[in-house]
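Participant: For reference, the file upload-v6.txt (compact mmCIF, C-alpha atoms) is included below:
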```txt
# COMPACT_ATOMS: atom_id res chain seq x y z
CA MET W 30 -139.34 44.11 -144.41
CA ALA W 31 -136.07 45.14 -146.02
CA SER W 32 -132.92 43.04 -145.74
CA THR W 33 -133.15 41.02 -142.58
CA SER W 34 -131.86 37.99 -144.46
CA ASP W 35 -128.11 38.62 -144.12
CA ASN W 36 -128.20 38.74 -140.35
CA GLY W 37 -130.84 36.36 -139.07
CA PHE W 38 -134.21 37.79 -138.16
CA ARG W 39 -132.96 40.98 -136.56
CA THR W 40 -134.07 44.24 -138.11
CA ARG W 41 -131.61 47.01 -139.00
CA LEU W 42 -132.79 48.99 -135.98
CA GLY W 43 -132.39 45.99 -133.71
CA ARG W 44 -128.82 45.49 -134.82
CA VAL W 45 -127.67 49.03 -134.07
CA ARG W 46 -129.53 49.48 -130.77
CA GLY W 47 -127.23 49.71 -127.79
CA LEU W 48 -124.16 50.56 -129.88
CA GLY W 49 -124.45 54.24 -129.05
CA SER W 50 -125.83 57.14 -131.05
CA ALA W 51 -124.06 58.33 -134.19
CA LYS W 52 -125.60 61.78 -133.61
CA SER W 53 -124.41 63.98 -136.49
CA GLY W 54 -121.69 61.46 -137.41
CA GLY W 55 -123.38 60.25 -140.59
CA ALA W 56 -123.83 63.75 -141.97
CA HIS W 57 -120.27 64.66 -140.94
CA TRP W 58 -118.87 61.58 -142.70
CA LEU W 59 -120.81 62.26 -145.89
CA ALA W 60 -120.01 66.00 -145.97
CA TYR W 61 -116.30 65.24 -145.62
CA ARG W 62 -116.44 62.88 -148.63
CA MET W 63 -118.59 65.21 -150.74
CA VAL W 64 -116.16 68.08 -150.26
CA ALA W 65 -113.22 65.73 -150.93
CA ALA W 66 -114.81 64.63 -154.23
CA LEU W 67 -115.46 68.28 -155.15
CA LEU W 68 -111.80 69.07 -154.49
CA ILE W 69 -110.59 66.57 -157.12
CA PRO W 70 -111.51 68.69 -160.18
CA LEU W 71 -110.99 72.01 -158.35
CA THR W 72 -107.45 71.28 -157.16
CA VAL W 73 -106.44 69.86 -160.55
CA TRP W 74 -107.66 73.12 -162.11
CA PHE W 75 -105.80 75.08 -159.43
CA LEU W 76 -102.56 73.14 -160.01
CA ILE W 77 -102.68 73.74 -163.78
CA SER W 78 -103.41 77.44 -163.12
CA ILE W 79 -100.48 78.01 -160.76
CA VAL W 80 -98.11 76.12 -163.07
CA ARG W 81 -99.09 78.63 -165.76
CA LEU W 82 -98.62 81.48 -163.24
CA ALA W 83 -95.28 80.13 -161.97
CA LYS W 84 -93.22 82.95 -163.47
CA ALA W 85 -96.01 85.53 -163.29
CA GLU W 86 -95.47 89.21 -162.75
CA HIS W 87 -97.94 90.96 -160.47
CA ALA W 88 -99.94 92.25 -163.45
CA ASP W 89 -100.32 88.68 -164.83
CA ALA W 90 -101.69 87.36 -161.53
CA ILE W 91 -104.08 90.31 -161.23
CA ALA W 92 -105.27 89.87 -164.83
CA TRP W 93 -105.88 86.19 -164.15
CA LEU W 94 -108.05 86.94 -161.09
CA HIS W 95 -109.91 89.68 -162.94
CA GLN W 96 -111.54 86.94 -164.99
CA PRO W 97 -114.78 86.02 -163.16
CA VAL W 98 -114.44 82.30 -163.93
CA ASN W 99 -111.03 82.16 -162.22
CA ALA W 100 -112.12 84.24 -159.23
CA VAL W 101 -115.25 82.15 -158.63
CA LEU W 102 -113.47 78.81 -159.03
CA LEU W 103 -110.67 79.95 -156.72
CA LEU W 104 -113.16 81.09 -154.06
CA ILE W 105 -114.88 77.70 -154.12
CA THR W 106 -111.49 75.95 -154.05
CA LEU W 107 -110.37 77.98 -151.03
CA ILE W 108 -113.54 77.41 -149.00
CA ALA W 109 -113.59 73.69 -149.82
CA THR W 110 -109.87 73.39 -149.03
CA PHE W 111 -110.14 74.98 -145.57
CA HIS W 112 -113.26 72.95 -144.78
CA HIS W 113 -111.46 69.74 -145.83
CA ALA W 114 -108.28 70.69 -143.93
CA ALA W 115 -110.18 71.42 -140.71
CA PHE W 116 -112.19 68.18 -140.96
CA GLY W 117 -109.05 66.18 -141.77
CA MET W 118 -107.03 67.62 -138.91
CA ARG W 119 -109.96 66.88 -136.60
CA GLU W 120 -109.79 63.19 -137.58
CA VAL W 121 -106.07 63.15 -136.84
CA TYR W 122 -106.61 64.74 -133.42
CA GLU W 123 -109.43 62.35 -132.58
CA ASP W 124 -107.14 59.41 -133.31
CA TYR W 125 -103.97 60.58 -131.60
CA ILE W 126 -104.91 62.98 -128.79
CA HIS W 127 -106.51 61.03 -125.99
CA GLY W 128 -107.00 63.81 -123.40
CA LYS W 129 -110.49 65.26 -123.81
CA LEU W 130 -109.53 68.87 -123.08
CA ALA W 131 -106.38 68.79 -125.21
CA ARG W 132 -108.34 67.27 -128.09
CA LEU W 133 -111.08 69.88 -127.84
CA ALA W 134 -108.48 72.67 -127.69
CA ALA W 135 -106.66 71.33 -130.77
CA ILE W 136 -109.90 71.05 -132.76
CA ALA W 137 -111.08 74.51 -131.70
CA LEU W 138 -107.73 76.18 -132.46
CA THR W 139 -107.52 74.50 -135.87
CA ASN W 140 -111.08 75.50 -136.75
CA GLY W 141 -110.35 79.06 -135.66
CA ALA W 142 -107.16 79.18 -137.75
CA ALA W 143 -108.99 77.69 -140.76
CA ILE W 144 -111.75 80.32 -140.51
CA LEU W 145 -109.18 83.12 -140.20
CA LEU W 146 -107.11 81.92 -143.18
CA ALA W 147 -110.23 81.26 -145.26
CA ALA W 148 -111.51 84.79 -144.56
CA ALA W 149 -108.13 86.38 -145.33
CA SER W 150 -107.64 84.48 -148.60
CA VAL W 151 -111.25 85.00 -149.74
CA PHE W 152 -110.93 88.72 -148.96
CA ALA W 153 -107.69 88.90 -150.96
CA VAL W 154 -109.32 87.23 -153.97
CA LEU W 155 -112.38 89.52 -153.80
CA LYS W 156 -110.22 92.61 -153.43
CA ILE W 157 -108.30 91.71 -156.60
CA ALA W 158 -111.41 90.57 -158.49
CA PHE W 159 -113.34 93.77 -157.75
CA GLY W 160 -110.27 96.03 -157.98
CA ALA W 161 -109.58 98.27 -160.94
CA MET V 4 -127.84 45.80 -119.88
CA SER V 5 -124.13 45.52 -120.45
CA GLU V 6 -123.90 48.89 -122.20
CA THR V 7 -121.97 50.68 -119.46
CA SER V 8 -119.52 47.84 -118.87
CA VAL V 9 -118.79 47.68 -122.60
CA ALA V 10 -118.13 51.42 -122.67
CA LYS V 11 -115.85 51.34 -119.62
CA LYS V 12 -113.69 48.42 -120.74
CA ALA V 13 -110.22 49.68 -121.65
CA ARG V 14 -110.11 49.32 -125.40
CA PRO V 15 -106.97 49.59 -127.48
CA LEU V 16 -106.50 53.10 -128.86
CA SER V 17 -104.72 54.09 -132.03
CA PRO V 18 -101.97 54.66 -133.02
CA HIS V 19 -100.73 51.10 -133.21
CA LEU V 20 -97.55 52.17 -134.97
CA GLN V 21 -95.29 50.56 -132.37
CA VAL V 22 -97.24 47.31 -132.31
CA TYR V 23 -97.38 46.26 -135.93
CA ARG V 24 -94.76 46.01 -138.59
CA LEU V 25 -95.53 48.36 -141.46
CA PRO V 26 -96.44 46.68 -144.74
CA LEU V 27 -96.75 48.89 -147.83
CA PRO V 28 -100.49 49.69 -147.42
CA ALA V 29 -99.80 50.85 -143.84
CA VAL V 30 -96.95 53.11 -144.99
CA SER V 31 -99.24 54.37 -147.75
CA SER V 32 -102.00 55.09 -145.24
CA ILE V 33 -99.83 57.02 -142.79
CA THR V 34 -98.25 58.92 -145.70
CA HIS V 35 -101.76 60.06 -146.67
CA ARG V 36 -102.14 61.58 -143.22
CA ILE V 37 -98.68 63.12 -143.13
CA THR V 38 -99.17 64.73 -146.56
CA GLY V 39 -102.60 65.96 -145.41
CA ILE V 40 -101.04 67.64 -142.36
CA ALA V 41 -98.26 69.12 -144.52
CA LEU V 42 -100.81 70.47 -147.01
CA THR V 43 -102.80 72.01 -144.15
CA VAL V 44 -99.65 73.86 -143.06
CA GLY V 45 -99.11 74.78 -146.72
CA THR V 46 -102.40 76.72 -146.74
CA LEU V 47 -100.49 79.34 -144.71
CA VAL V 48 -98.22 79.91 -147.72
CA LEU V 49 -101.18 79.96 -150.12
CA THR V 50 -102.96 82.59 -148.00
CA TRP V 51 -99.76 84.63 -147.72
CA TRP V 52 -99.28 84.51 -151.52
CA LEU V 53 -102.86 85.67 -152.18
CA VAL V 54 -102.72 88.43 -149.57
CA ALA V 55 -99.40 89.58 -151.07
CA ALA V 56 -100.99 89.68 -154.53
CA ALA V 57 -103.88 91.74 -153.14
CA SER V 58 -101.64 94.23 -151.35
CA GLY V 59 -99.64 95.27 -154.42
CA PRO V 60 -96.71 94.64 -156.79
CA ASP V 61 -93.98 95.11 -154.15
CA ASP V 62 -95.36 92.55 -151.71
CA PHE V 63 -96.15 90.16 -154.56
CA ASP V 64 -92.59 90.43 -155.91
CA THR V 65 -91.27 89.65 -152.42
CA ALA V 66 -93.50 86.58 -152.22
CA GLN V 67 -92.45 85.43 -155.71
CA ARG V 68 -88.79 85.96 -154.83
CA VAL V 69 -89.05 83.94 -151.59
CA LEU V 70 -90.92 81.12 -153.37
CA GLY V 71 -88.38 81.24 -156.20
CA SER V 72 -85.37 80.98 -153.88
CA PRO V 73 -83.66 77.55 -153.51
CA ILE V 74 -85.43 76.86 -150.20
CA GLY V 75 -88.72 78.13 -151.63
CA LEU V 76 -88.40 75.89 -154.68
CA LEU V 77 -87.54 72.90 -152.49
CA ALA V 78 -90.64 73.56 -150.36
CA LEU V 79 -92.77 73.90 -153.51
CA LEU V 80 -91.33 70.65 -154.87
CA GLY V 81 -92.29 68.93 -151.60
CA TRP V 82 -95.70 70.60 -151.75
CA THR V 83 -96.26 69.34 -155.31
CA TRP V 84 -95.48 65.76 -154.33
CA ALA V 85 -97.58 65.96 -151.13
CA PHE V 86 -100.44 67.40 -153.18
CA GLY V 87 -100.18 64.72 -155.88
CA TYR V 88 -99.94 61.93 -153.35
CA HIS V 89 -102.85 63.17 -151.23
CA LEU V 90 -104.99 63.66 -154.35
CA LEU V 91 -104.32 60.16 -155.71
CA LYS V 92 -104.60 58.41 -152.34
CA GLY V 93 -107.73 60.44 -151.64
CA ILE V 94 -109.33 59.15 -154.84
CA GLN V 95 -108.43 55.62 -153.76
CA HIS V 96 -110.05 56.23 -150.36
CA LEU V 97 -113.26 57.51 -152.02
CA ILE V 98 -113.36 54.36 -154.15
CA TRP V 99 -112.91 52.28 -150.98
CA ASP V 100 -115.65 54.28 -149.24
CA ALA V 101 -117.94 53.29 -152.11
CA GLY V 102 -117.22 49.68 -151.13
CA VAL V 103 -115.14 48.83 -154.20
CA GLY V 104 -111.87 46.87 -153.99
CA VAL V 105 -111.71 46.53 -150.22
CA ASN V 106 -109.26 43.63 -150.06
CA THR V 107 -105.59 42.97 -149.33
CA ALA V 108 -104.47 42.41 -152.91
CA SER V 109 -106.09 45.64 -154.07
CA ALA V 110 -104.58 47.59 -151.15
CA GLN V 111 -101.12 46.24 -151.95
CA ARG V 112 -101.38 47.00 -155.66
CA ASN V 113 -102.96 50.45 -155.27
CA SER V 114 -100.46 51.59 -152.62
CA ALA V 115 -97.59 50.93 -155.02
CA LEU V 116 -99.55 52.56 -157.84
CA VAL V 117 -100.25 55.71 -155.80
CA PHE V 118 -96.60 56.08 -154.77
CA GLY V 119 -95.40 55.62 -158.35
CA ALA V 120 -98.02 57.91 -159.89
CA SER V 121 -97.35 60.66 -157.32
CA PHE V 122 -93.70 60.86 -158.42
CA VAL V 123 -94.68 60.84 -162.10
CA LEU V 124 -97.22 63.62 -161.49
CA THR V 125 -94.63 65.71 -159.63
CA ALA V 126 -92.18 65.32 -162.52
CA ILE V 127 -94.82 66.30 -165.11
CA VAL V 128 -95.86 69.40 -163.13
CA TRP V 129 -92.27 70.62 -162.72
CA ILE V 130 -91.28 69.97 -166.31
CA ALA V 131 -94.41 71.87 -167.38
CA ALA V 132 -93.72 74.73 -164.96
CA PHE V 133 -90.21 75.26 -166.34
CA ALA V 134 -91.08 74.61 -169.99
CA LEU V 135 -94.04 77.03 -170.15
```
Write the structure described by the file as C-alpha cells, please.
Facilitator:
Amino acid sequence: MASTSDNGFRTRLGRVRGLGSAKSGGAHWLAYRMVAALLIPLTVWFLISIVRLAKAEHADAIAWLHQPVNAVLLLITLIATFHHAAFGMREVYEDYIHGKLARLAAIALTNGAAILLAAASVFAVLKIAFGA
Amino acid sequence: MSETSVAKKARPLSPHLQVYRLPLPAVSSITHRITGIALTVGTLVLTWWLVAAASGPDDFDTAQRVLGSPIGLLALLGWTWAFGYHLLKGIQHLIWDAGVGVNTASAQRNSALVFGASFVLTAIVWIAAFAL
C-alpha cells in the first residue's frame, strides 16, 4: 500500500474522509495554475509586442495583426487572460465577501463581464486578421 | 460523528488585515492581489484599444491619443508595474505551489526580490518604449 508511513497506519482515503468533498476543486486549482503558467511566455511576448507598437499608426497595428502568428498568439493570450482574471477575481470574492448571495452575484457578474470582453476583443482581432 | 458540529463552529474568516501586523511577505502577498484586480480592470482598456483598432483609423487615433496623454501615460506606467509585479510574484507562487522554498527565509528574500525586480522591469520597458 502506498505511503501510509508518514501518518501512522491510516490510508490516504482514511485521512481525508469526513473533511468534506473537494468536488471539482482539484481540477479548478490545477486549471488555474496551468493557465497561469501558459500566461508567462504569452504575456512577455505581448509586452514586447506592444512596446514595439507604442508609437504605432493605425496601419502599423493592422499590419502587425495581419501576420497569422501574431493574431493566433494574441487570441490565445486574450482567452487565457480573461479566464485567469475571472478565476482570480473569484478567489478574491470567496475570501472577502461572506454573504452567499452577494458572493454568487459578484462571481456571476464578473464571469459575464469576462465573457463579454473576451468575445469583443477576440472579434476585434479576427476582424482585423481577416480584413483586407 | 462530529462532522456537523465542526462545520457549524464559527471559524475565523479572512481577511485578517486588522489583526496582524504586516511583515514584508504579507505586503507582497496583498500587493499580488491588488495588482491582479487592477490588471483585471485594465482588460477594459485592452479591449477598448483592440475594438478601436478594428473599427478604423479615426477611432484608433483617438485611443492612441488618450493613451498618449499625461493621464494615459501615467495609467500605462502603473499598468506596466502592476503587470511586472503580478508576473514575477505569480512565478514565485507557481514555484511555491510545486512545493519548493516554502519557508519564512525564502518568503522574506523573494518578496524583496519581486518588489525590486518589478521596478527594474518597469524601467526597462519604458526606456525601450521611448528608445525604439
Participant: Within 10 Å of chain W, which residues belong to chain V? Use all atoms listed in the file and report them as a PyMOL selection string.
Facilitator: chain V and resi 4-7+9-10+16-18+36-37+39-40+42-44+46-47+49-64+67+70-71+83+86-87+90-91+93-94+96-97+100+128-135
Participant: Calculate how many Å separate CA of Arg41 in chain W from CA of Arg119 in chain W, rounding to one decimal.
Facilitator: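 Atom-to-atom, CA of Arg41 in chain W and CA of Arg119 in chain W are spaced 29.5 Å apart.
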Participant: What does the structure give for the distance between CA of Ala41 in chain V and CA of Trp84 in chain V, in Å to one decimal?
Facilitator: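 Taking CA of Ala41 in chain V and CA of Trp84 in chain V, their separation equals 10.7 Å.
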Participant: May I ask for the distance between CA of Pro70 in chain W and CA of His112 in chain W, given in Å to one decimal place?
Facilitator: 16.1 Å
Participant: Counting all atoms listed in the file, which of W:Trp58, W:Trp93, W:Phe75, W:Tyr122 gets nearest to Leu138 in chain W?
Facilitator: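 Closest to Leu138 in chain W of all the choices is W:Tyr122.
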Participant: For Leu80 in chain V, list every protein, DNA or RNA residue within 9 Å, evaluated using all atoms listed in the file, and leave out those in the same chain fewer than 5 positions away; present the list as a PyMOL selection string.
Facilitator: chain V and resi 75+85+125+129
Participant: Show which residues sit within 12 Å of Asn113 in chain V, as a ChimeraX atom specification. Count only C-alpha atoms, and ignore same-chain residues fewer than 5 positions away.
Facilitator: /V:27-29,31-32,91-96,98-99,104-108,118-121
